[in-house]
$ cat target.cif   # mmCIF, C-alpha atoms
data_my_file
loop_
_atom_site.group_PDB
_atom_site.id
_atom_site.type_symbol
_atom_site.label_atom_id
_atom_site.label_comp_id
_atom_site.auth_asym_id
_atom_site.auth_seq_id
_atom_site.Cartn_x
_atom_site.Cartn_y
_atom_site.Cartn_z
ATOM 1 C CA LEU M 10 65.048 219.039 64.366
ATOM 2 C CA ALA M 11 66.755 215.819 65.242
ATOM 3 C CA GLN M 12 68.447 213.129 63.234
ATOM 4 C CA ALA M 13 69.494 209.722 64.501
ATOM 5 C CA PHE M 14 71.231 206.691 63.056
ATOM 6 C CA LEU M 15 71.375 203.106 64.265
ATOM 7 C CA LEU M 16 74.643 201.559 63.160
ATOM 8 C CA LEU M 17 76.042 198.078 62.838
ATOM 9 C CA ASN M 18 79.793 198.130 63.064
ATOM 10 C CA SER M 19 81.132 195.277 60.966
ATOM 11 C CA CYS M 20 83.199 194.334 64.008
ATOM 12 C CA ASP M 21 80.041 193.853 66.122
ATOM 13 C CA ALA M 22 78.279 191.514 63.683
ATOM 14 C CA PRO M 23 77.259 187.979 64.757
ATOM 15 C CA MET M 24 80.349 186.608 63.053
ATOM 16 C CA TYR M 25 82.489 188.699 65.388
ATOM 17 C CA ARG M 26 85.076 185.967 65.844
ATOM 18 C CA TRP M 27 85.945 185.972 62.132
ATOM 19 C CA THR M 28 85.844 189.752 61.917
ATOM 20 C CA LEU M 29 88.016 190.060 65.011
ATOM 21 C CA LEU M 30 90.569 187.710 63.455
ATOM 22 C CA TRP M 31 90.537 189.794 60.272
ATOM 23 C CA CYS M 32 91.090 192.986 62.269
ATOM 24 C CA VAL M 33 93.976 191.457 64.183
ATOM 25 C CA LEU M 34 95.665 190.215 61.024
ATOM 26 C CA HIS M 35 95.335 193.611 59.343
ATOM 27 C CA HIS M 36 96.131 195.798 62.310
ATOM 28 C CA ARG M 37 98.593 195.748 65.178
ATOM 29 C CA LEU M 38 97.463 194.187 68.431
ATOM 30 C CA VAL M 39 98.833 196.540 71.077
ATOM 31 C CA TRP M 40 98.213 194.429 74.161
ATOM 32 C CA SER M 41 98.421 190.640 74.219
ATOM 33 C CA GLN M 42 96.027 190.042 77.148
ATOM 34 C CA THR M 43 92.823 189.785 75.103
ATOM 35 C CA GLY M 44 89.681 189.717 77.233
ATOM 36 C CA CYS M 45 91.290 190.989 80.433
ATOM 37 C CA PHE M 46 89.431 194.320 80.543
ATOM 38 C CA SER M 47 85.795 195.428 80.434
ATOM 39 C CA TYR M 48 84.472 198.792 79.253
ATOM 40 C CA ASN M 49 81.928 201.100 80.917
ATOM 41 C CA TYR M 50 81.857 198.918 84.028
ATOM 42 C CA LEU M 51 83.284 199.381 87.515
ATOM 43 C CA PHE M 52 83.993 197.264 90.571
ATOM 44 C CA TYR M 53 81.802 198.264 93.503
ATOM 45 C CA PRO M 54 82.339 199.021 96.292
ATOM 46 C CA GLY M 55 85.697 200.659 95.728
ATOM 47 C CA GLN M 56 88.389 201.391 98.259
ATOM 48 C CA MET M 57 89.114 204.896 99.478
ATOM 49 C CA SER M 58 91.742 206.194 97.077
ATOM 50 C CA ASN M 59 92.673 209.508 95.523
ATOM 51 C CA LEU M 60 94.678 208.366 92.521
ATOM 52 C CA THR M 61 95.017 210.103 89.155
ATOM 53 C CA VAL M 62 96.891 208.334 86.362
ATOM 54 C CA LEU M 63 97.231 208.566 82.579
ATOM 55 C CA THR M 64 96.302 205.075 81.376
ATOM 56 C CA ALA M 65 94.470 201.917 82.396
ATOM 57 C CA ARG M 66 97.765 200.037 82.480
ATOM 58 C CA GLU M 67 99.143 202.527 85.024
ATOM 59 C CA CYS M 68 96.006 202.149 87.135
ATOM 60 C CA GLN M 69 96.402 198.382 86.981
ATOM 61 C CA GLY M 70 99.960 198.849 88.234
ATOM 62 C CA LYS M 71 98.684 200.876 91.194
ATOM 63 C CA CYS M 72 96.388 197.979 92.036
ATOM 64 C CA ARG M 73 99.312 195.541 92.031
ATOM 65 C CA GLU M 74 101.149 197.817 94.461
ATOM 66 C CA SER M 75 98.272 197.629 96.951
ATOM 67 C CA VAL M 76 98.077 194.475 99.096
ATOM 68 C CA SER M 77 94.291 194.647 99.437
ATOM 69 C CA CYS M 78 93.525 195.481 95.781
ATOM 70 C CA GLU M 79 92.254 192.834 93.349
ATOM 71 C CA HIS M 80 90.428 194.979 90.771
ATOM 72 C CA PHE M 81 90.711 198.489 89.344
ATOM 73 C CA THR M 82 88.586 200.967 87.409
ATOM 74 C CA PHE M 83 90.055 203.786 85.312
ATOM 75 C CA TRP M 84 88.214 206.758 83.771
ATOM 76 C CA LYS M 85 89.901 208.248 80.735
ATOM 77 C CA ARG M 86 88.275 211.694 80.923
ATOM 78 C CA HIS M 87 89.696 212.742 84.296
ATOM 79 C CA GLY M 88 92.238 209.988 84.972
ATOM 80 C CA MET M 89 90.584 208.719 88.137
ATOM 81 C CA CYS M 90 91.919 205.346 89.285
ATOM 82 C CA LEU M 91 89.639 203.446 91.653
ATOM 83 C CA LEU M 92 90.904 200.342 93.474
ATOM 84 C CA ALA M 93 88.673 197.541 94.754
ATOM 85 C CA ALA M 94 89.022 194.445 96.928
ATOM 86 C CA GLY M 95 88.369 190.863 95.876
ATOM 87 C CA ASP M 96 84.749 190.861 97.088
ATOM 88 C CA ALA M 97 83.734 193.822 94.883
ATOM 89 C CA ASN M 98 81.041 193.273 92.242
ATOM 90 C CA LEU M 99 81.266 194.169 88.554
ATOM 91 C CA VAL M 100 78.438 196.587 87.702
ATOM 92 C CA ARG M 101 77.606 199.008 84.922
ATOM 93 C CA THR M 102 78.858 202.537 85.506
ATOM 94 C CA ALA M 103 76.590 205.559 85.137
ATOM 95 C CA VAL M 104 79.544 207.556 83.757
ATOM 96 C CA GLU M 105 80.776 206.423 80.335
ATOM 97 C CA GLY M 106 84.453 206.042 79.492
ATOM 98 C CA SER M 107 85.739 203.581 82.072
ATOM 99 C CA VAL M 108 88.084 200.607 81.777
ATOM 100 C CA THR M 109 88.130 197.964 84.491
ATOM 101 C CA GLY M 110 89.942 194.717 85.149
ATOM 102 C CA PRO M 111 91.963 192.574 87.572
ATOM 103 C CA LYS M 112 95.321 193.533 89.033
ATOM 104 C CA VAL M 113 97.012 190.876 86.878
ATOM 105 C CA CYS M 114 96.028 189.593 83.438
ATOM 106 C CA LYS M 115 96.761 185.887 83.855
ATOM 107 C CA HIS M 116 96.110 184.706 80.283
ATOM 108 C CA SER M 117 97.260 185.915 76.873
ATOM 109 C CA VAL M 118 93.658 185.251 75.833
ATOM 110 C CA ASP M 119 91.008 185.065 78.532
ATOM 111 C CA PRO M 120 89.230 181.665 78.349
ATOM 112 C CA ILE M 121 85.886 183.424 78.099
ATOM 113 C CA CYS M 122 86.922 184.772 74.679
ATOM 114 C CA GLU M 123 87.216 181.238 73.306
ATOM 115 C CA GLU M 124 83.997 179.855 74.782
ATOM 116 C CA ILE M 125 80.694 179.198 73.068
ATOM 117 C CA PRO M 126 77.661 179.311 75.395
ATOM 118 C CA LEU M 127 75.221 176.463 75.834
ATOM 119 C CA ALA M 128 72.027 176.309 73.800
ATOM 120 C CA ALA M 129 70.133 177.879 76.724
ATOM 121 C CA PHE M 130 71.760 181.255 75.945
ATOM 122 C CA PRO M 131 70.207 183.795 75.875
ATOM 123 C CA ALA M 132 67.983 182.807 78.802
ATOM 124 C CA PRO M 133 64.923 184.551 80.297
ATOM 125 C CA THR M 134 66.951 185.954 83.211
ATOM 126 C CA ALA M 135 70.439 187.395 83.578
ATOM 127 C CA MET M 136 71.406 184.714 86.098
ATOM 128 C CA GLN M 137 70.340 181.904 83.765
ATOM 129 C CA SER M 138 72.219 183.539 80.887
ATOM 130 C CA ARG M 139 75.420 183.650 82.962
ATOM 131 C CA LYS M 140 75.034 179.967 83.874
ATOM 132 C CA ALA M 141 75.031 179.089 80.174
ATOM 133 C CA TRP M 142 78.746 179.959 80.116
ATOM 134 C CA THR M 143 81.414 177.631 81.509
ATOM 135 C CA GLY M 144 82.788 180.303 83.829
ATOM 136 C CA GLN M 145 79.283 181.336 84.955
ATOM 137 C CA GLN M 146 79.886 184.800 83.507
ATOM 138 C CA GLN M 147 78.744 186.311 80.226
ATOM 139 C CA PRO M 148 81.416 188.407 78.435
ATOM 140 C CA THR M 149 80.888 192.131 78.796
ATOM 141 C CA ASN M 150 80.519 194.372 75.744
ATOM 142 C CA LEU M 151 83.695 194.196 73.610
ATOM 143 C CA GLN M 152 85.586 192.445 76.401
ATOM 144 C CA CYS M 153 87.467 190.308 73.873
ATOM 145 C CA TRP M 154 88.274 193.171 71.530
ATOM 146 C CA PRO M 155 91.895 194.273 70.808
ATOM 147 C CA ARG M 156 92.920 197.285 72.898
ATOM 148 C CA ARG M 157 94.811 200.520 72.449
ATOM 149 C CA PRO M 158 97.659 201.412 74.843
ATOM 150 C CA ASN M 159 95.175 203.409 76.962
ATOM 151 C CA GLY M 160 93.041 200.289 77.456
ATOM 152 C CA PHE M 161 90.154 201.248 75.170
ATOM 153 C CA PRO M 162 88.995 199.268 72.099
ATOM 154 C CA GLU M 163 91.174 199.483 69.003
ATOM 155 C CA PRO M 164 89.174 200.428 65.875
ATOM 156 C CA CYS M 165 89.501 198.332 62.741
ATOM 157 C CA SER M 166 91.894 199.936 60.288
ATOM 158 C CA HIS M 167 89.514 199.012 57.444
ATOM 159 C CA GLN M 168 86.293 199.606 59.363
ATOM 160 C CA HIS M 169 83.009 199.346 57.480
ATOM 161 C CA VAL M 170 79.792 200.701 58.993
ATOM 162 C CA THR M 171 76.308 199.752 57.827
ATOM 163 C CA ILE M 172 73.362 202.034 58.641
ATOM 164 C CA LEU M 173 70.469 199.875 59.822
ATOM 165 C CA GLU M 174 67.934 202.603 60.583
ATOM 166 C CA ASP M 175 67.714 206.323 59.791
ATOM 167 C CA THR M 176 65.199 208.935 60.937
ATOM 168 C CA ILE M 177 65.205 210.284 57.378
ATOM 169 C CA ASP M 178 63.507 206.977 56.463
ATOM 170 C CA ASN M 179 60.887 207.461 59.213
ATOM 171 C CA TRP M 180 62.702 205.490 61.911
ATOM 172 C CA PRO M 181 61.412 206.956 65.226
ATOM 173 C CA GLY M 182 64.924 207.176 66.697
ATOM 174 C CA ARG M 183 63.629 206.912 70.259
ATOM 175 C CA CYS M 184 66.674 205.366 71.934
ATOM 176 C CA GLU M 185 67.037 205.246 75.710
ATOM 177 C CA ASN M 186 70.105 205.668 77.920
ATOM 178 C CA MET M 187 72.074 207.731 75.382
ATOM 179 C CA LYS M 188 74.799 210.016 76.691
ATOM 180 C CA MET M 189 75.388 213.635 75.686
ATOM 181 C CA VAL M 190 78.772 214.155 74.001
ATOM 182 C CA THR M 191 80.263 217.516 74.953
ATOM 183 C CA ASP M 192 83.926 217.135 73.984
ATOM 184 C CA LEU M 193 83.892 216.907 70.191
ATOM 185 C CA GLY M 194 87.108 218.114 68.564
ATOM 186 C CA ARG M 195 87.325 221.044 66.147
ATOM 187 C CA ASP M 196 87.238 218.819 63.044
ATOM 188 C CA GLU M 197 85.087 216.114 64.640
ATOM 189 C CA THR M 198 81.358 215.536 64.212
ATOM 190 C CA CYS M 199 78.897 213.416 66.126
ATOM 191 C CA LYS M 200 78.879 211.030 63.168
ATOM 192 C CA THR M 201 82.652 210.656 62.862
ATOM 193 C CA ARG M 202 83.032 210.203 66.637
ATOM 194 C CA CYS M 203 80.570 207.314 66.525
ATOM 195 C CA TYR M 204 82.067 205.783 63.362
ATOM 196 C CA ASN M 205 85.536 205.774 64.928
ATOM 197 C CA SER M 206 84.466 204.157 68.202
ATOM 198 C CA ALA M 207 83.909 200.428 68.499
ATOM 199 C CA LEU M 208 81.711 201.193 71.528
ATOM 200 C CA CYS M 209 79.204 203.345 69.628
ATOM 201 C CA GLY M 210 76.130 201.750 68.049
ATOM 202 C CA VAL M 211 73.828 204.753 67.572
ATOM 203 C CA TRP M 212 74.199 208.523 67.311
ATOM 204 C CA SER M 213 71.773 211.416 67.230
ATOM 205 C CA VAL M 214 72.044 215.158 66.587
ATOM 206 C CA GLU M 215 69.292 217.482 67.764
ATOM 207 C CA ASN M 216 69.008 221.181 67.034
ATOM 208 C CA TYR M 217 66.055 222.187 69.203
ATOM 209 C CA THR M 218 67.767 222.185 72.621
ATOM 210 C CA THR M 219 69.473 225.522 71.936
ATOM 211 C CA PRO M 220 68.679 227.227 68.606
ATOM 212 C CA GLY M 221 71.652 226.996 66.254
ATOM 213 C CA VAL M 222 73.657 224.783 68.653
ATOM 214 C CA PRO M 223 73.318 221.089 67.763
ATOM 215 C CA THR M 224 73.600 218.541 70.571
ATOM 216 C CA CYS M 225 75.294 215.193 70.028
ATOM 217 C CA TRP M 226 73.978 212.028 71.714
ATOM 218 C CA GLN M 227 75.489 208.538 71.544
#

$ encode --input "target.cif" --output "structure tokens"
Amino acid sequence: LAQAFLLLNSCDAPMYRWTLLWCVLHHRLVWSQTGCFSYNYLFYPGQMSNLTVLTARECQGKCRESVSCEHFTFWKRHGMCLLAAGDANLVRTAVEGSVTGPKVCKHSVDPICEEIPLAAFPAPTAMQSRKAWTGQQQPTNLQCWPRRPNGFPEPCSHQHVTILEDTIDNWPGRCENMKMVTDLGRDETCKTRCYNSALCGVWSVENYTTPGVPTCWQ
């Protein structure tokens, strides 16, 4: 048996600018450099480094200490800190849970967070979509979202989640590129993990992988 839900976090709705403002006014904004970091991306190729740190901010500090470093990538799960030069490219990471950014956050609010794309957005190709933005770069997922001290998105203190689709209502639930969640806490469920993460848009629990042992996918 499997059950899946497609969610719309109120903070991911089309009117995200107004919702973001509401969240900021009703919750503390931990870091002032809005839009400086991206999530689940990395800069490639990276430099040879064997660094382990506790937070994204600490990894960013390691980048500032290196003359050749312009970008960093930090993985929360194991604390890996990867440094990259200025010619590295921003790409999606195959391993979830990363925070990446420049060695210095130059603006209190990144200009990309205050832009509105041209009417050509979204375009037929990724390159054309990027050109619809003044800086020739489309914001990454939740790039302009308030952050926790560890660099990850801050949840809304009064978060409201709307279920868009449910397999109980005959939704097929055939989502691609979902990741298996293997580190749920003792009092945590697949549902609550997804509800409490601004990065989660769909969750699924299946019971047929191992009888009696449900598997969580997000």

$ closest_residue --input "target.cif" --among "M:Val100, M:Phe161, M:Trp226, M:Asn59" --to "Lys85 in chain M" --atoms "all atoms listed in the file"
M:Phe161

$ closest_residue --input "target.cif" --among "M:Val211, M:Cys153, M:Ala128, M:Cys199" --to "Arg183 in chain M" --atoms "all atoms listed in the file"
M:Val211

$ residues_near_point --input "target.cif" --point "(80.1, 214.7, 63.9)" --cutoff "12 Å" --atoms "all atoms listed in the file" --output "list in words"
Gln12, Ala13, Phe14, Val190, Thr191, Asp192, Leu193, Gly194, Arg195, Asp196, Glu197, Thr198, Cys199, Lys200, Thr201, Arg202, Cys203, Tyr204, Asn205, Trp212, Ser213, Val214, Glu215, Pro223, Thr224, Cys225, Trp226 and Gln227 of chain M

$ write_last_selection --input "target.cif" --atoms "C-alpha atoms" --output "mmCIF file, in the frame of the given file"
data_model
loop_
_atom_site.group_PDB
_atom_site.id
_atom_site.type_symbol
_atom_site.label_atom_id
_atom_site.label_comp_id
_atom_site.auth_asym_id
_atom_site.auth_seq_id
_atom_site.Cartn_x
_atom_site.Cartn_y
_atom_site.Cartn_z
ATOM 1 C CA GLN M 12 68.447 213.129 63.234
ATOM 2 C CA ALA M 13 69.494 209.722 64.501
ATOM 3 C CA PHE M 14 71.231 206.691 63.056
ATOM 4 C CA VAL M 190 78.772 214.155 74.001
ATOM 5 C CA THR M 191 80.263 217.516 74.953
ATOM 6 C CA ASP M 192 83.926 217.135 73.984
ATOM 7 C CA LEU M 193 83.892 216.907 70.191
ATOM 8 C CA GLY M 194 87.108 218.114 68.564
ATOM 9 C CA ARG M 195 87.325 221.044 66.147
ATOM 10 C CA ASP M 196 87.238 218.819 63.044
ATOM 11 C CA GLU M 197 85.087 216.114 64.640
ATOM 12 C CA THR M 198 81.358 215.536 64.212
ATOM 13 C CA CYS M 199 78.897 213.416 66.126
ATOM 14 C CA LYS M 200 78.879 211.030 63.168
ATOM 15 C CA THR M 201 82.652 210.656 62.862
ATOM 16 C CA ARG M 202 83.032 210.203 66.637
ATOM 17 C CA CYS M 203 80.570 207.314 66.525
ATOM 18 C CA TYR M 204 82.067 205.783 63.362
ATOM 19 C CA ASN M 205 85.536 205.774 64.928
ATOM 20 C CA TRP M 212 74.199 208.523 67.311
ATOM 21 C CA SER M 213 71.773 211.416 67.230
ATOM 22 C CA VAL M 214 72.044 215.158 66.587
ATOM 23 C CA GLU M 215 69.292 217.482 67.764
ATOM 24 C CA PRO M 223 73.318 221.089 67.763
ATOM 25 C CA THR M 224 73.600 218.541 70.571
ATOM 26 C CA CYS M 225 75.294 215.193 70.028
ATOM 27 C CA TRP M 226 73.978 212.028 71.714
ATOM 28 C CA GLN M 227 75.489 208.538 71.544
#

$ residues_near_point --input "target.cif" --point "(89.2, 192.2, 97.1)" --cutoff "10 Å" --atoms "all atoms listed in the file" --output "JSON, numbers by chain"
{"M": [52, 54, 55, 56, 76, 77, 78, 79, 80, 92, 93, 94, 95, 96, 97, 98, 111]}

$ closest_residue --input "target.cif" --among "M:Glu74, M:Glu163, M:Glu67, M:Glu105" --to "Met189 in chain M" --atoms "all atoms listed in the file"
M:Glu105

$ closest_residue --input "target.cif" --among "M:Glu174, M:Glu124, M:Asn150, M:Trp84" --to "Ala103 in chain M" --atoms "only C-alpha atoms"
M:Trp84

$ resolve_selection --input "target.cif" --expression "the PyMOL selection byres ((chain M and resi 68) around 12)" --output "PDB file with C-alpha atoms, in the coordinates of the input"
ATOM      1  CA  SER M  58      91.742 206.194  97.077  1.00  0.00           C
ATOM      2  CA  ASN M  59      92.673 209.508  95.523  1.00  0.00           C
ATOM      3  CA  LEU M  60      94.678 208.366  92.521  1.00  0.00           C
ATOM      4  CA  THR M  61      95.017 210.103  89.155  1.00  0.00           C
ATOM      5  CA  VAL M  62      96.891 208.334  86.362  1.00  0.00           C
ATOM      6  CA  LEU M  63      97.231 208.566  82.579  1.00  0.00           C
ATOM      7  CA  THR M  64      96.302 205.075  81.376  1.00  0.00           C
ATOM      8  CA  ALA M  65      94.470 201.917  82.396  1.00  0.00           C
ATOM      9  CA  ARG M  66      97.765 200.037  82.480  1.00  0.00           C
ATOM     10  CA  GLU M  67      99.143 202.527  85.024  1.00  0.00           C
ATOM     11  CA  GLN M  69      96.402 198.382  86.981  1.00  0.00           C
ATOM     12  CA  GLY M  70      99.960 198.849  88.234  1.00  0.00           C
ATOM     13  CA  LYS M  71      98.684 200.876  91.194  1.00  0.00           C
ATOM     14  CA  CYS M  72      96.388 197.979  92.036  1.00  0.00           C
ATOM     15  CA  ARG M  73      99.312 195.541  92.031  1.00  0.00           C
ATOM     16  CA  GLU M  74     101.149 197.817  94.461  1.00  0.00           C
ATOM     17  CA  SER M  75      98.272 197.629  96.951  1.00  0.00           C
ATOM     18  CA  CYS M  78      93.525 195.481  95.781  1.00  0.00           C
ATOM     19  CA  GLU M  79      92.254 192.834  93.349  1.00  0.00           C
ATOM     20  CA  HIS M  80      90.428 194.979  90.771  1.00  0.00           C
ATOM     21  CA  PHE M  81      90.711 198.489  89.344  1.00  0.00           C
ATOM     22  CA  THR M  82      88.586 200.967  87.409  1.00  0.00           C
ATOM     23  CA  PHE M  83      90.055 203.786  85.312  1.00  0.00           C
ATOM     24  CA  TRP M  84      88.214 206.758  83.771  1.00  0.00           C
ATOM     25  CA  LYS M  85      89.901 208.248  80.735  1.00  0.00           C
ATOM     26  CA  GLY M  88      92.238 209.988  84.972  1.00  0.00           C
ATOM     27  CA  MET M  89      90.584 208.719  88.137  1.00  0.00           C
ATOM     28  CA  CYS M  90      91.919 205.346  89.285  1.00  0.00           C
ATOM     29  CA  LEU M  91      89.639 203.446  91.653  1.00  0.00           C
ATOM     30  CA  LEU M  92      90.904 200.342  93.474  1.00  0.00           C
ATOM     31  CA  ALA M  93      88.673 197.541  94.754  1.00  0.00           C
ATOM     32  CA  SER M 107      85.739 203.581  82.072  1.00  0.00           C
ATOM     33  CA  VAL M 108      88.084 200.607  81.777  1.00  0.00           C
ATOM     34  CA  THR M 109      88.130 197.964  84.491  1.00  0.00           C
ATOM     35  CA  GLY M 110      89.942 194.717  85.149  1.00  0.00           C
ATOM     36  CA  PRO M 111      91.963 192.574  87.572  1.00  0.00           C
ATOM     37  CA  LYS M 112      95.321 193.533  89.033  1.00  0.00           C
ATOM     38  CA  VAL M 113      97.012 190.876  86.878  1.00  0.00           C
ATOM     39  CA  ASN M 159      95.175 203.409  76.962  1.00  0.00           C
ATOM     40  CA  GLY M 160      93.041 200.289  77.456  1.00  0.00           C
TER      41      GLY M 160
END

$ atom_distance --input "target.cif" --atom1 "CA of Gln145 in chain M" --atom2 "CA of Arg157 in chain M"
27.7 Å

$ atom_distance --input "target.cif" --atom1 "CA of Arg156 in chain M" --atom2 "CA of Pro126 in chain M"
23.7 Å

$ decode --input "target.cif" --residues "range 125-145 of chain M" --atoms "N, CA, C and O atoms" --output "short mmCIF file (atom, residue, chain, number, x, y, z; two decimals), in the first residue's frame"
data_model
loop_
_atom_site.label_atom_id
_atom_site.label_comp_id
_atom_site.auth_asym_id
_atom_site.auth_seq_id
_atom_site.Cartn_x
_atom_site.Cartn_y
_atom_site.Cartn_z
N ILE M 125 11.05 41.50 -11.22
CA ILE M 125 9.92 40.85 -11.86
C ILE M 125 10.36 40.54 -13.28
O ILE M 125 10.83 41.42 -13.99
N PRO M 126 10.26 39.29 -13.73
CA PRO M 126 10.76 38.94 -15.06
C PRO M 126 9.94 39.58 -16.17
O PRO M 126 8.81 40.04 -15.95
N LEU M 127 10.50 39.59 -17.36
CA LEU M 127 9.81 40.10 -18.53
C LEU M 127 8.65 39.18 -18.90
O LEU M 127 8.53 38.06 -18.40
N ALA M 128 7.80 39.66 -19.78
CA ALA M 128 6.62 38.89 -20.18
C ALA M 128 6.97 37.58 -20.86
O ALA M 128 6.14 36.67 -20.92
N ALA M 129 8.22 37.45 -21.35
CA ALA M 129 8.63 36.23 -22.03
C ALA M 129 8.81 35.06 -21.08
O ALA M 129 8.99 33.92 -21.52
N PHE M 130 8.80 35.31 -19.76
CA PHE M 130 8.99 34.25 -18.78
C PHE M 130 7.65 33.64 -18.39
O PHE M 130 6.69 34.36 -18.13
N PRO M 131 7.54 32.30 -18.31
CA PRO M 131 8.56 31.31 -18.64
C PRO M 131 8.67 31.09 -20.15
O PRO M 131 7.67 31.15 -20.85
N ALA M 132 9.87 30.84 -20.62
CA ALA M 132 10.15 30.67 -22.04
C ALA M 132 10.29 29.19 -22.40
O ALA M 132 10.37 28.34 -21.51
N PRO M 133 10.32 28.86 -23.69
CA PRO M 133 10.41 27.46 -24.10
C PRO M 133 11.69 26.76 -23.65
O PRO M 133 11.70 25.55 -23.47
N THR M 134 12.79 27.52 -23.48
CA THR M 134 14.05 26.90 -23.07
C THR M 134 14.55 27.56 -21.79
O THR M 134 14.17 28.68 -21.45
N ALA M 135 15.44 26.84 -21.10
CA ALA M 135 16.00 27.37 -19.86
C ALA M 135 16.81 28.63 -20.12
O ALA M 135 16.75 29.59 -19.34
N MET M 136 17.56 28.66 -21.21
CA MET M 136 18.38 29.83 -21.53
C MET M 136 17.50 31.06 -21.78
O MET M 136 17.79 32.16 -21.30
N GLN M 137 16.42 30.89 -22.50
CA GLN M 137 15.51 32.00 -22.78
C GLN M 137 14.82 32.47 -21.50
O GLN M 137 14.58 33.67 -21.33
N SER M 138 14.52 31.54 -20.60
CA SER M 138 13.89 31.90 -19.33
C SER M 138 14.84 32.74 -18.50
O SER M 138 14.44 33.72 -17.86
N ARG M 139 16.14 32.37 -18.48
CA ARG M 139 17.12 33.15 -17.72
C ARG M 139 17.27 34.56 -18.29
O ARG M 139 17.44 35.53 -17.54
N LYS M 140 17.21 34.69 -19.61
CA LYS M 140 17.36 35.99 -20.25
C LYS M 140 16.19 36.92 -19.96
O LYS M 140 16.29 38.13 -20.16
N ALA M 141 15.09 36.38 -19.48
CA ALA M 141 13.93 37.21 -19.15
C ALA M 141 14.13 37.97 -17.85
O ALA M 141 13.32 38.83 -17.50
N TRP M 142 15.22 37.65 -17.13
CA TRP M 142 15.54 38.33 -15.88
C TRP M 142 16.67 39.33 -16.13
O TRP M 142 17.56 39.08 -16.94
N THR M 143 16.65 40.44 -15.41
CA THR M 143 17.65 41.49 -15.61
C THR M 143 19.06 40.96 -15.44
O THR M 143 19.96 41.28 -16.21
N GLY M 144 19.29 40.14 -14.44
CA GLY M 144 20.62 39.59 -14.19
C GLY M 144 20.93 38.35 -14.98
O GLY M 144 21.92 37.67 -14.71
N GLN M 145 20.08 37.99 -15.95
CA GLN M 145 20.28 36.81 -16.79
C GLN M 145 20.29 35.52 -15.98
O GLN M 145 20.91 34.54 -16.38
#
